[in-house]
$ cat run.pdb   # PDB, C-alpha atoms, pLDDT in the B column
ATOM      1  CA  MET V   9     113.866 109.035  85.467  1.00 86.00           C
ATOM      2  CA  ASN V  10     111.661 109.931  88.449  1.00 95.00           C
ATOM      3  CA  PRO V  11     113.169 110.809  91.863  1.00 96.00           C
ATOM      4  CA  ILE V  12     112.658 107.330  93.330  1.00 97.00           C
ATOM      5  CA  GLU V  13     114.278 105.682  90.292  1.00 97.00           C
ATOM      6  CA  ALA V  14     117.203 108.106  90.555  1.00 98.00           C
ATOM      7  CA  LEU V  15     117.652 107.237  94.242  1.00 98.00           C
ATOM      8  CA  ALA V  16     117.475 103.501  93.486  1.00 98.00           C
ATOM      9  CA  ALA V  17     120.118 103.922  90.761  1.00 98.00           C
ATOM     10  CA  ASP V  18     122.342 105.875  93.191  1.00 98.00           C
ATOM     11  CA  LEU V  19     121.900 103.108  95.756  1.00 98.00           C
ATOM     12  CA  GLY V  20     122.841 100.480  93.194  1.00 98.00           C
ATOM     13  CA  ARG V  21     126.033 102.331  92.278  1.00 98.00           C
ATOM     14  CA  ALA V  22     126.987 102.702  95.957  1.00 98.00           C
ATOM     15  CA  LEU V  23     126.322  99.017  96.656  1.00 98.00           C
ATOM     16  CA  GLN V  24     128.362  97.945  93.638  1.00 97.00           C
ATOM     17  CA  LEU V  25     131.296 100.095  94.786  1.00 97.00           C
ATOM     18  CA  ALA V  26     130.995  98.546  98.262  1.00 97.00           C
ATOM     19  CA  GLY V  27     130.654  95.025  96.852  1.00 97.00           C
ATOM     20  CA  ALA V  28     127.589  94.576  99.040  1.00 97.00           C
ATOM     21  CA  HIS V  29     123.985  93.421  98.976  1.00 97.00           C
ATOM     22  CA  VAL V  30     120.893  94.960 100.512  1.00 98.00           C
ATOM     23  CA  THR V  31     117.702  93.324 101.730  1.00 98.00           C
ATOM     24  CA  THR V  32     114.323  94.809 102.612  1.00 98.00           C
ATOM     25  CA  ALA V  33     111.682  94.065 105.251  1.00 98.00           C
ATOM     26  CA  GLU V  34     108.474  95.888 104.394  1.00 98.00           C
ATOM     27  CA  SER V  35     105.033  96.268 105.836  1.00 98.00           C
ATOM     28  CA  CYS V  36     103.167  99.474 104.899  1.00 97.00           C
ATOM     29  CA  THR V  37     105.076  99.889 101.622  1.00 98.00           C
ATOM     30  CA  GLY V  38     103.976  96.437 100.439  1.00 97.00           C
ATOM     31  CA  GLY V  39     107.194  95.728  98.562  1.00 98.00           C
ATOM     32  CA  GLY V  40     107.596  99.224  97.155  1.00 98.00           C
ATOM     33  CA  ILE V  41     111.216  99.553  98.273  1.00 98.00           C
ATOM     34  CA  ALA V  42     112.160  96.243  96.653  1.00 98.00           C
ATOM     35  CA  GLU V  43     110.233  97.227  93.525  1.00 98.00           C
ATOM     36  CA  ALA V  44     112.140 100.510  93.279  1.00 98.00           C
ATOM     37  CA  ILE V  45     115.474  98.718  93.683  1.00 98.00           C
ATOM     38  CA  THR V  46     114.644  96.041  91.111  1.00 98.00           C
ATOM     39  CA  ARG V  47     113.387  98.640  88.641  1.00 97.00           C
ATOM     40  CA  ILE V  48     117.084  99.334  87.989  1.00 97.00           C
ATOM     41  CA  ALA V  49     118.723  97.144  85.342  1.00 97.00           C
ATOM     42  CA  GLY V  50     121.456  94.993  86.853  1.00 96.00           C
ATOM     43  CA  SER V  51     119.977  95.113  90.360  1.00 97.00           C
ATOM     44  CA  SER V  52     120.551  91.376  90.796  1.00 96.00           C
ATOM     45  CA  ALA V  53     124.175  92.338  91.465  1.00 97.00           C
ATOM     46  CA  TRP V  54     123.176  93.979  94.765  1.00 97.00           C
ATOM     47  CA  PHE V  55     119.696  92.692  95.628  1.00 97.00           C
ATOM     48  CA  GLU V  56     118.640  89.064  96.086  1.00 94.00           C
ATOM     49  CA  VAL V  57     115.668  89.031  98.443  1.00 98.00           C
ATOM     50  CA  GLY V  58     113.125  91.203 100.171  1.00 98.00           C
ATOM     51  CA  PHE V  59     110.389  90.366 102.652  1.00 98.00           C
ATOM     52  CA  VAL V  60     106.847  91.740 102.635  1.00 98.00           C
ATOM     53  CA  THR V  61     105.419  90.937 106.046  1.00 98.00           C
ATOM     54  CA  TYR V  62     102.144  92.767 106.300  1.00 96.00           C
ATOM     55  CA  SER V  63     100.734  90.883 109.286  1.00 97.00           C
ATOM     56  CA  ASN V  64     102.288  90.661 112.731  1.00 98.00           C
ATOM     57  CA  GLU V  65     102.196  86.871 112.448  1.00 98.00           C
ATOM     58  CA  GLN V  66     104.361  86.988 109.331  1.00 98.00           C
ATOM     59  CA  LYS V  67     106.758  89.469 110.918  1.00 98.00           C
ATOM     60  CA  THR V  68     107.298  86.835 113.603  1.00 98.00           C
ATOM     61  CA  ARG V  69     107.296  83.806 111.290  1.00 98.00           C
ATOM     62  CA  GLN V  70     109.504  85.150 108.501  1.00 97.00           C
ATOM     63  CA  LEU V  71     111.674  87.680 110.313  1.00 98.00           C
ATOM     64  CA  GLY V  72     111.792  86.419 113.891  1.00 98.00           C
ATOM     65  CA  VAL V  73     110.227  89.532 115.413  1.00 98.00           C
ATOM     66  CA  PRO V  74     109.385  88.575 119.014  1.00 98.00           C
ATOM     67  CA  ALA V  75     105.595  88.226 119.197  1.00 98.00           C
ATOM     68  CA  GLN V  76     105.410  89.972 122.584  1.00 98.00           C
ATOM     69  CA  LEU V  77     106.656  93.220 121.028  1.00 97.00           C
ATOM     70  CA  PHE V  78     103.341  93.769 119.267  1.00 98.00           C
ATOM     71  CA  GLY V  79     101.465  93.887 122.562  1.00 97.00           C
ATOM     72  CA  GLN V  80     104.166  95.927 124.274  1.00 97.00           C
ATOM     73  CA  VAL V  81     104.984  98.620 121.693  1.00 98.00           C
ATOM     74  CA  GLY V  82     102.885  97.849 118.602  1.00 97.00           C
ATOM     75  CA  ALA V  83     103.905  96.993 115.058  1.00 97.00           C
ATOM     76  CA  VAL V  84     104.648 100.626 114.243  1.00 98.00           C
ATOM     77  CA  SER V  85     107.625 101.076 116.560  1.00 98.00           C
ATOM     78  CA  ARG V  86     111.392 101.345 116.716  1.00 98.00           C
ATOM     79  CA  GLU V  87     111.712  97.941 118.342  1.00 98.00           C
ATOM     80  CA  VAL V  88     109.725  96.151 115.641  1.00 98.00           C
ATOM     81  CA  VAL V  89     111.467  97.748 112.649  1.00 98.00           C
ATOM     82  CA  GLU V  90     114.869  97.082 114.198  1.00 98.00           C
ATOM     83  CA  ALA V  91     113.928  93.415 114.699  1.00 98.00           C
ATOM     84  CA  MET V  92     112.579  93.300 111.128  1.00 98.00           C
ATOM     85  CA  ALA V  93     115.857  94.644 109.734  1.00 98.00           C
ATOM     86  CA  ARG V  94     117.936  92.091 111.640  1.00 98.00           C
ATOM     87  CA  GLY V  95     115.557  89.311 110.622  1.00 98.00           C
ATOM     88  CA  ALA V  96     115.846  90.297 106.972  1.00 98.00           C
ATOM     89  CA  GLN V  97     119.625  90.227 107.202  1.00 97.00           C
ATOM     90  CA  ARG V  98     119.508  86.714 108.703  1.00 97.00           C
ATOM     91  CA  GLY V  99     116.934  85.526 106.198  1.00 97.00           C
ATOM     92  CA  SER V 100     118.858  86.932 103.251  1.00 97.00           C
ATOM     93  CA  GLY V 101     121.834  84.736 103.970  1.00 94.00           C
ATOM     94  CA  GLY V 102     124.227  87.598 104.430  1.00 89.00           C
ATOM     95  CA  ALA V 103     123.121  90.949 103.032  1.00 97.00           C
ATOM     96  CA  ARG V 104     125.401  93.556 104.581  1.00 97.00           C
ATOM     97  CA  PHE V 105     122.705  96.230 104.540  1.00 98.00           C
ATOM     98  CA  ALA V 106     119.004  96.149 105.391  1.00 98.00           C
ATOM     99  CA  VAL V 107     116.087  98.506 105.608  1.00 98.00           C
ATOM    100  CA  ALA V 108     112.785  97.859 107.383  1.00 98.00           C
ATOM    101  CA  VAL V 109     109.548  99.829 107.421  1.00 98.00           C
ATOM    102  CA  SER V 110     106.278  99.700 109.343  1.00 98.00           C
ATOM    103  CA  GLY V 111     103.690 102.425 109.433  1.00 98.00           C
ATOM    104  CA  VAL V 112     100.129 103.664 109.270  1.00 97.00           C
ATOM    105  CA  ALA V 113      99.527 104.559 105.613  1.00 96.00           C
ATOM    106  CA  GLY V 114      95.804 105.189 106.058  1.00 95.00           C
ATOM    107  CA  PRO V 115      93.196 106.187 105.449  1.00 94.00           C
ATOM    108  CA  GLY V 116      92.228 104.289 108.637  1.00 93.00           C
ATOM    109  CA  GLY V 117      94.183 102.591 111.368  1.00 92.00           C
ATOM    110  CA  GLY V 118      95.591 105.666 113.057  1.00 91.00           C
ATOM    111  CA  SER V 119      95.391 106.533 116.736  1.00 93.00           C
ATOM    112  CA  PRO V 120      96.200 109.636 118.795  1.00 92.00           C
ATOM    113  CA  GLU V 121      99.640 108.155 119.570  1.00 93.00           C
ATOM    114  CA  LYS V 122     100.246 106.944 116.004  1.00 96.00           C
ATOM    115  CA  PRO V 123      98.177 108.993 113.571  1.00 97.00           C
ATOM    116  CA  VAL V 124      97.912 108.212 109.881  1.00 96.00           C
ATOM    117  CA  GLY V 125     101.266 108.992 108.279  1.00 98.00           C
ATOM    118  CA  THR V 126     103.325 107.656 111.200  1.00 98.00           C
ATOM    119  CA  VAL V 127     106.132 105.516 109.768  1.00 98.00           C
ATOM    120  CA  TRP V 128     109.140 103.917 111.425  1.00 98.00           C
ATOM    121  CA  LEU V 129     112.194 103.064 109.336  1.00 98.00           C
ATOM    122  CA  ALA V 130     115.289 101.157 110.438  1.00 98.00           C
ATOM    123  CA  TRP V 131     118.571 100.787 108.600  1.00 98.00           C
ATOM    124  CA  ALA V 132     121.095  98.110 109.569  1.00 98.00           C
ATOM    125  CA  ALA V 133     124.712  97.418 108.675  1.00 96.00           C
ATOM    126  CA  ALA V 134     126.785  94.892 110.626  1.00 86.00           C
ATOM    127  CA  GLU V 135     126.472  95.940 114.288  1.00 85.00           C
ATOM    128  CA  ARG V 136     125.162  99.413 113.433  1.00 95.00           C
ATOM    129  CA  MET V 137     121.434 100.111 113.645  1.00 97.00           C
ATOM    130  CA  PHE V 138     119.607 103.369 113.071  1.00 98.00           C
ATOM    131  CA  ALA V 139     115.871 104.007 113.367  1.00 98.00           C
ATOM    132  CA  ARG V 140     113.694 107.040 112.887  1.00 98.00           C
ATOM    133  CA  ARG V 141     110.037 107.915 113.211  1.00 98.00           C
ATOM    134  CA  PHE V 142     108.560 109.979 110.386  1.00 98.00           C
ATOM    135  CA  GLN V 143     105.235 111.774 110.179  1.00 98.00           C
ATOM    136  CA  PHE V 144     104.322 111.949 106.504  1.00 98.00           C
ATOM    137  CA  ALA V 145     101.429 113.955 105.078  1.00 97.00           C
ATOM    138  CA  GLY V 146      99.001 113.070 102.337  1.00 97.00           C
ATOM    139  CA  ASP V 147      96.903 110.130 101.272  1.00 97.00           C
ATOM    140  CA  ARG V 148      97.846 106.452 101.397  1.00 97.00           C
ATOM    141  CA  GLN V 149      99.854 106.579  98.181  1.00 97.00           C
ATOM    142  CA  ALA V 150     101.717 109.711  99.258  1.00 97.00           C
ATOM    143  CA  VAL V 151     102.660 108.155 102.615  1.00 98.00           C
ATOM    144  CA  ARG V 152     103.907 105.012 100.885  1.00 98.00           C
ATOM    145  CA  GLU V 153     105.931 106.962  98.301  1.00 98.00           C
ATOM    146  CA  GLN V 154     107.513 109.175 100.966  1.00 98.00           C
ATOM    147  CA  SER V 155     108.382 106.036 102.941  1.00 98.00           C
ATOM    148  CA  VAL V 156     110.112 104.448  99.943  1.00 98.00           C
ATOM    149  CA  GLU V 157     112.022 107.654  99.245  1.00 98.00           C
ATOM    150  CA  ALA V 158     113.149 108.004 102.884  1.00 98.00           C
ATOM    151  CA  ALA V 159     114.202 104.335 102.941  1.00 98.00           C
ATOM    152  CA  LEU V 160     116.378 104.774  99.847  1.00 98.00           C
ATOM    153  CA  VAL V 161     117.909 108.047 101.040  1.00 98.00           C
ATOM    154  CA  GLY V 162     118.839 106.392 104.351  1.00 98.00           C
ATOM    155  CA  LEU V 163     120.317 103.347 102.615  1.00 98.00           C
ATOM    156  CA  ILE V 164     122.477 105.498 100.367  1.00 98.00           C
ATOM    157  CA  SER V 165     123.824 107.331 103.426  1.00 97.00           C
ATOM    158  CA  LEU V 166     124.481 104.090 105.267  1.00 97.00           C
ATOM    159  CA  VAL V 167     126.256 102.422 102.341  1.00 97.00           C
ATOM    160  CA  ASN V 168     128.396 105.556 101.964  1.00 96.00           C
ATOM    161  CA  GLY V 169     129.463 105.262 105.620  1.00 94.00           C
ATOM    162  CA  GLU V 170     127.275 108.100 106.835  1.00 93.00           C
ATOM    163  CA  ASN V 171     124.597 108.269 109.508  1.00 92.00           C
ATOM    164  CA  PRO V 172     121.207 107.844 107.780  1.00 93.00           C
ATOM    165  CA  LEU V 173     119.540 109.938 110.483  1.00 91.00           C
ATOM    166  CA  GLN V 174     121.418 113.058 109.390  1.00 78.00           C
ATOM    167  CA  GLY V 175     119.478 113.343 106.125  1.00 55.00           C
TER     168      GLY V 175
END
$ encode --input "run.pdb" --output "C-alpha cells"
Amino acid sequence: MNPIEALAADLGRALQLAGAHVTTAESCTGGGIAEAITRIAGSSAWFEVGFVTYSNEQKTRQLGVPAQLFGQVGAVSREVVEAMARGAQRGSGGARFAVAVSGVAGPGGGSPEKPVGTVWLAWAAAERMFARRFQFAGDRQAVREQSVEAALVGLISLVNGENPLQG
C-alpha cells in the first residue's frame, strides 16, 4: 500500500468511527482526492460525492462560489477554497466533513504572487473552517500528489477532532 492509499484507509477508519461522510471540491487535483478515497474498499460507507470544478464558472455554478471573488482574490485563494468547501457540503446533502483545493500545478500559469506549486487547501466541519497555503516543489504530478496527501492528512486530523493546520 502506497502512502496515499494508507492515508485514505486511515481516513476511512476515522470516518467510520465518527459515523460521518466526507465530500471533496477539487480543482488542480482533478479528482485525485476522491480517487484516493474511493480506492479503498468499502468507501461508499463514508464517501458519496465529490466535485471537480476546474473552471471558475463551474466553481460558481456547482459550488456557489461568488463570481466576484475570482476578480478580487483569484481562484487560488483562501476565500475561494473556503467557499468551495462549504458549497461541497451543501451539494453533498449533508457530508459532515469537506476538503477543497485550488492551486497552480504548472508547468505554466504561475505569477510572482502565486508561483507554480502554490496550493490552497480548506477543511470544513460544521461551523469550523481551516485553510492553509502550501508551496509545493516539483513538476505537475508532484504538486498534485503532494496536494492530495496534504488534503488527506488534514482530513484525518479534522475527523479526529484536531486542528488540521497543526500537521
$ resolve_selection --input "run.pdb" --expression "the PyMOL selection byres ((chain V and resi 86-92) around 8)" --output "tab-separated table (two decimals) with C-alpha atoms, in the frame of the given file"
chain	number	residue	atom	x	y	z
V	33	ALA	CA	111.68	94.06	105.25
V	67	LYS	CA	106.76	89.47	110.92
V	71	LEU	CA	111.67	87.68	110.31
V	72	GLY	CA	111.79	86.42	113.89
V	73	VAL	CA	110.23	89.53	115.41
V	74	PRO	CA	109.38	88.58	119.01
V	77	LEU	CA	106.66	93.22	121.03
V	78	PHE	CA	103.34	93.77	119.27
V	81	VAL	CA	104.98	98.62	121.69
V	82	GLY	CA	102.88	97.85	118.60
V	83	ALA	CA	103.90	96.99	115.06
V	84	VAL	CA	104.65	100.63	114.24
V	85	SER	CA	107.62	101.08	116.56
V	93	ALA	CA	115.86	94.64	109.73
V	94	ARG	CA	117.94	92.09	111.64
V	95	GLY	CA	115.56	89.31	110.62
V	96	ALA	CA	115.85	90.30	106.97
V	108	ALA	CA	112.78	97.86	107.38
V	109	VAL	CA	109.55	99.83	107.42
V	110	SER	CA	106.28	99.70	109.34
V	128	TRP	CA	109.14	103.92	111.42
V	129	LEU	CA	112.19	103.06	109.34
V	130	ALA	CA	115.29	101.16	110.44
V	131	TRP	CA	118.57	100.79	108.60
V	132	ALA	CA	121.10	98.11	109.57
V	137	MET	CA	121.43	100.11	113.64
V	138	PHE	CA	119.61	103.37	113.07
V	139	ALA	CA	115.87	104.01	113.37
V	140	ARG	CA	113.69	107.04	112.89
V	141	ARG	CA	110.04	107.92	113.21
$ residues_around --input "run.pdb" --residues "Thr32 of chain V" --least-positions-apart "4" --cutoff "6 Å" --atoms "all atoms listed in the file" --output "PyMOL selection string"
chain V and resi 58-59+106-108
$ closest_atom_pairs --input "run.pdb" --of "segment 26-126 of chain V" --to "segment 151-165 of chain V" --cutoff "7 Å" --atoms "all atoms listed in the file" --output "tab-separated table"
residue	atom	partner	partner_atom	distance
V:Cys36	CA	V:Arg152	CA	6.9
V:Thr37	CA	V:Arg152	CA	5.3
V:Gly40	CA	V:Val156	CA	6.4
V:Ile41	CA	V:Val156	CA	5.3
V:Val107	CA	V:Ala159	CA	6.7
V:Ala113	CA	V:Val151	CA	5.6
V:Gly125	CA	V:Val151	CA	5.9
$ write_last_selection --input "run.pdb" --atoms "C-alpha atoms" --output "short mmCIF file (atom, residue, chain, number, x, y, z; two decimals), keeping the file's coordinate frame"
data_model
loop_
_atom_site.label_atom_id
_atom_site.label_comp_id
_atom_site.auth_asym_id
_atom_site.auth_seq_id
_atom_site.Cartn_x
_atom_site.Cartn_y
_atom_site.Cartn_z
CA CYS V 36 103.17 99.47 104.90
CA THR V 37 105.08 99.89 101.62
CA GLY V 40 107.60 99.22 97.16
CA ILE V 41 111.22 99.55 98.27
CA VAL V 107 116.09 98.51 105.61
CA ALA V 113 99.53 104.56 105.61
CA GLY V 125 101.27 108.99 108.28
#
$ closest_residue --input "run.pdb" --among "V:Ala28, V:Arg69, V:Ser63, V:Gly38" --to "Ser51 of chain V" --atoms "all atoms listed in the file"
V:Ala28
$ closest_residue --input "run.pdb" --among "V:Ser52, V:Gln66, V:Gln97, V:Thr61" --to "Gly39 of chain V" --atoms "only C-alpha atoms"
V:Thr61
$ resolve_selection --input "run.pdb" --expression "the PyMOL selection byres ((chain V and resi 12) around 8)" --output "compact mmCIF listing (two decimals) with C-alpha atoms, in the coordinates of the input"
# COMPACT_ATOMS: atom_id res chain seq x y z
CA ASN V 10 111.66 109.93 88.45
CA PRO V 11 113.17 110.81 91.86
CA GLU V 13 114.28 105.68 90.29
CA ALA V 14 117.20 108.11 90.56
CA LEU V 15 117.65 107.24 94.24
CA ALA V 16 117.48 103.50 93.49
CA ALA V 44 112.14 100.51 93.28
CA VAL V 156 110.11 104.45 99.94
CA GLU V 157 112.02 107.65 99.24
CA LEU V 160 116.38 104.77 99.85
$ resolve_selection --input "run.pdb" --expression "the PyMOL selection byres ((chain V and resi 102) around 12)" --output "list in words"
Ala28, His29, Val30, Thr31, Trp54, Phe55, Glu56, Val57, Arg94, Gly95, Ala96, Gln97, Arg98, Gly99, Ser100, Gly101, Ala103, Arg104, Phe105, Ala106, Ala133 and Ala134 of chain V
$ atom_distance --input "run.pdb" --atom1 "atom CA of Gln70 of chain V" --atom2 "atom CA of Ala42 of chain V"
16.4 Å
$ atom_distance --input "run.pdb" --atom1 "atom CA of Gln24 of chain V" --atom2 "atom CA of Val167 of chain V"
10.0 Å
$ atom_distance --input "run.pdb" --atom1 "atom CA of Thr46 of chain V" --atom2 "atom CA of Val124 of chain V"
27.9 Å
$ build_atoms --input "run.pdb" --residues "segment 117-129 of chain V" --atoms "N, CA, C and O atoms" --output "mmCIF file, in the coordinates of the input"
data_model
loop_
_atom_site.group_PDB
_atom_site.id
_atom_site.type_symbol
_atom_site.label_atom_id
_atom_site.label_comp_id
_atom_site.auth_asym_id
_atom_site.auth_seq_id
_atom_site.Cartn_x
_atom_site.Cartn_y
_atom_site.Cartn_z
ATOM 1 N N GLY V 117 93.161 103.276 110.593
ATOM 2 C CA GLY V 117 94.183 102.591 111.368
ATOM 3 C C GLY V 117 94.995 103.470 112.290
ATOM 4 O O GLY V 117 95.794 102.973 113.065
ATOM 5 N N GLY V 118 94.823 104.770 112.205
ATOM 6 C CA GLY V 118 95.591 105.666 113.057
ATOM 7 C C GLY V 118 95.020 105.749 114.460
ATOM 8 O O GLY V 118 93.908 105.301 114.736
ATOM 9 N N SER V 119 95.804 106.304 115.352
ATOM 10 C CA SER V 119 95.391 106.533 116.736
ATOM 11 C C SER V 119 95.994 107.861 117.174
ATOM 12 O O SER V 119 96.856 108.408 116.483
ATOM 13 N N PRO V 120 95.585 108.386 118.322
ATOM 14 C CA PRO V 120 96.200 109.636 118.795
ATOM 15 C C PRO V 120 97.725 109.520 118.953
ATOM 16 O O PRO V 120 98.452 110.459 118.657
ATOM 17 N N GLU V 121 98.202 108.356 119.385
ATOM 18 C CA GLU V 121 99.640 108.155 119.570
ATOM 19 C C GLU V 121 100.353 107.924 118.246
ATOM 20 O O GLU V 121 101.525 108.270 118.094
ATOM 21 N N LYS V 122 99.663 107.279 117.307
ATOM 22 C CA LYS V 122 100.246 106.944 116.004
ATOM 23 C C LYS V 122 99.236 107.292 114.913
ATOM 24 O O LYS V 122 98.562 106.426 114.367
ATOM 25 N N PRO V 123 99.146 108.580 114.588
ATOM 26 C CA PRO V 123 98.177 108.993 113.571
ATOM 27 C C PRO V 123 98.581 108.506 112.182
ATOM 28 O O PRO V 123 99.730 108.106 111.952
ATOM 29 N N VAL V 124 97.626 108.562 111.266
ATOM 30 C CA VAL V 124 97.912 108.212 109.881
ATOM 31 C C VAL V 124 99.117 109.023 109.416
ATOM 32 O O VAL V 124 99.222 110.213 109.706
ATOM 33 N N GLY V 125 100.029 108.365 108.743
ATOM 34 C CA GLY V 125 101.266 108.992 108.279
ATOM 35 C C GLY V 125 102.458 108.689 109.155
ATOM 36 O O GLY V 125 103.596 109.004 108.795
ATOM 37 N N THR V 126 102.230 108.053 110.327
ATOM 38 C CA THR V 126 103.325 107.656 111.200
ATOM 39 C C THR V 126 104.034 106.459 110.569
ATOM 40 O O THR V 126 103.408 105.443 110.270
ATOM 41 N N VAL V 127 105.337 106.580 110.372
ATOM 42 C CA VAL V 127 106.132 105.516 109.768
ATOM 43 C C VAL V 127 107.452 105.413 110.509
ATOM 44 O O VAL V 127 108.114 106.422 110.757
ATOM 45 N N TRP V 128 107.817 104.187 110.856
ATOM 46 C CA TRP V 128 109.140 103.917 111.425
ATOM 47 C C TRP V 128 109.978 103.231 110.366
ATOM 48 O O TRP V 128 109.526 102.293 109.707
ATOM 49 N N LEU V 129 111.208 103.694 110.217
ATOM 50 C CA LEU V 129 112.194 103.064 109.336
ATOM 51 C C LEU V 129 113.415 102.693 110.159
ATOM 52 O O LEU V 129 113.799 103.434 111.079
#
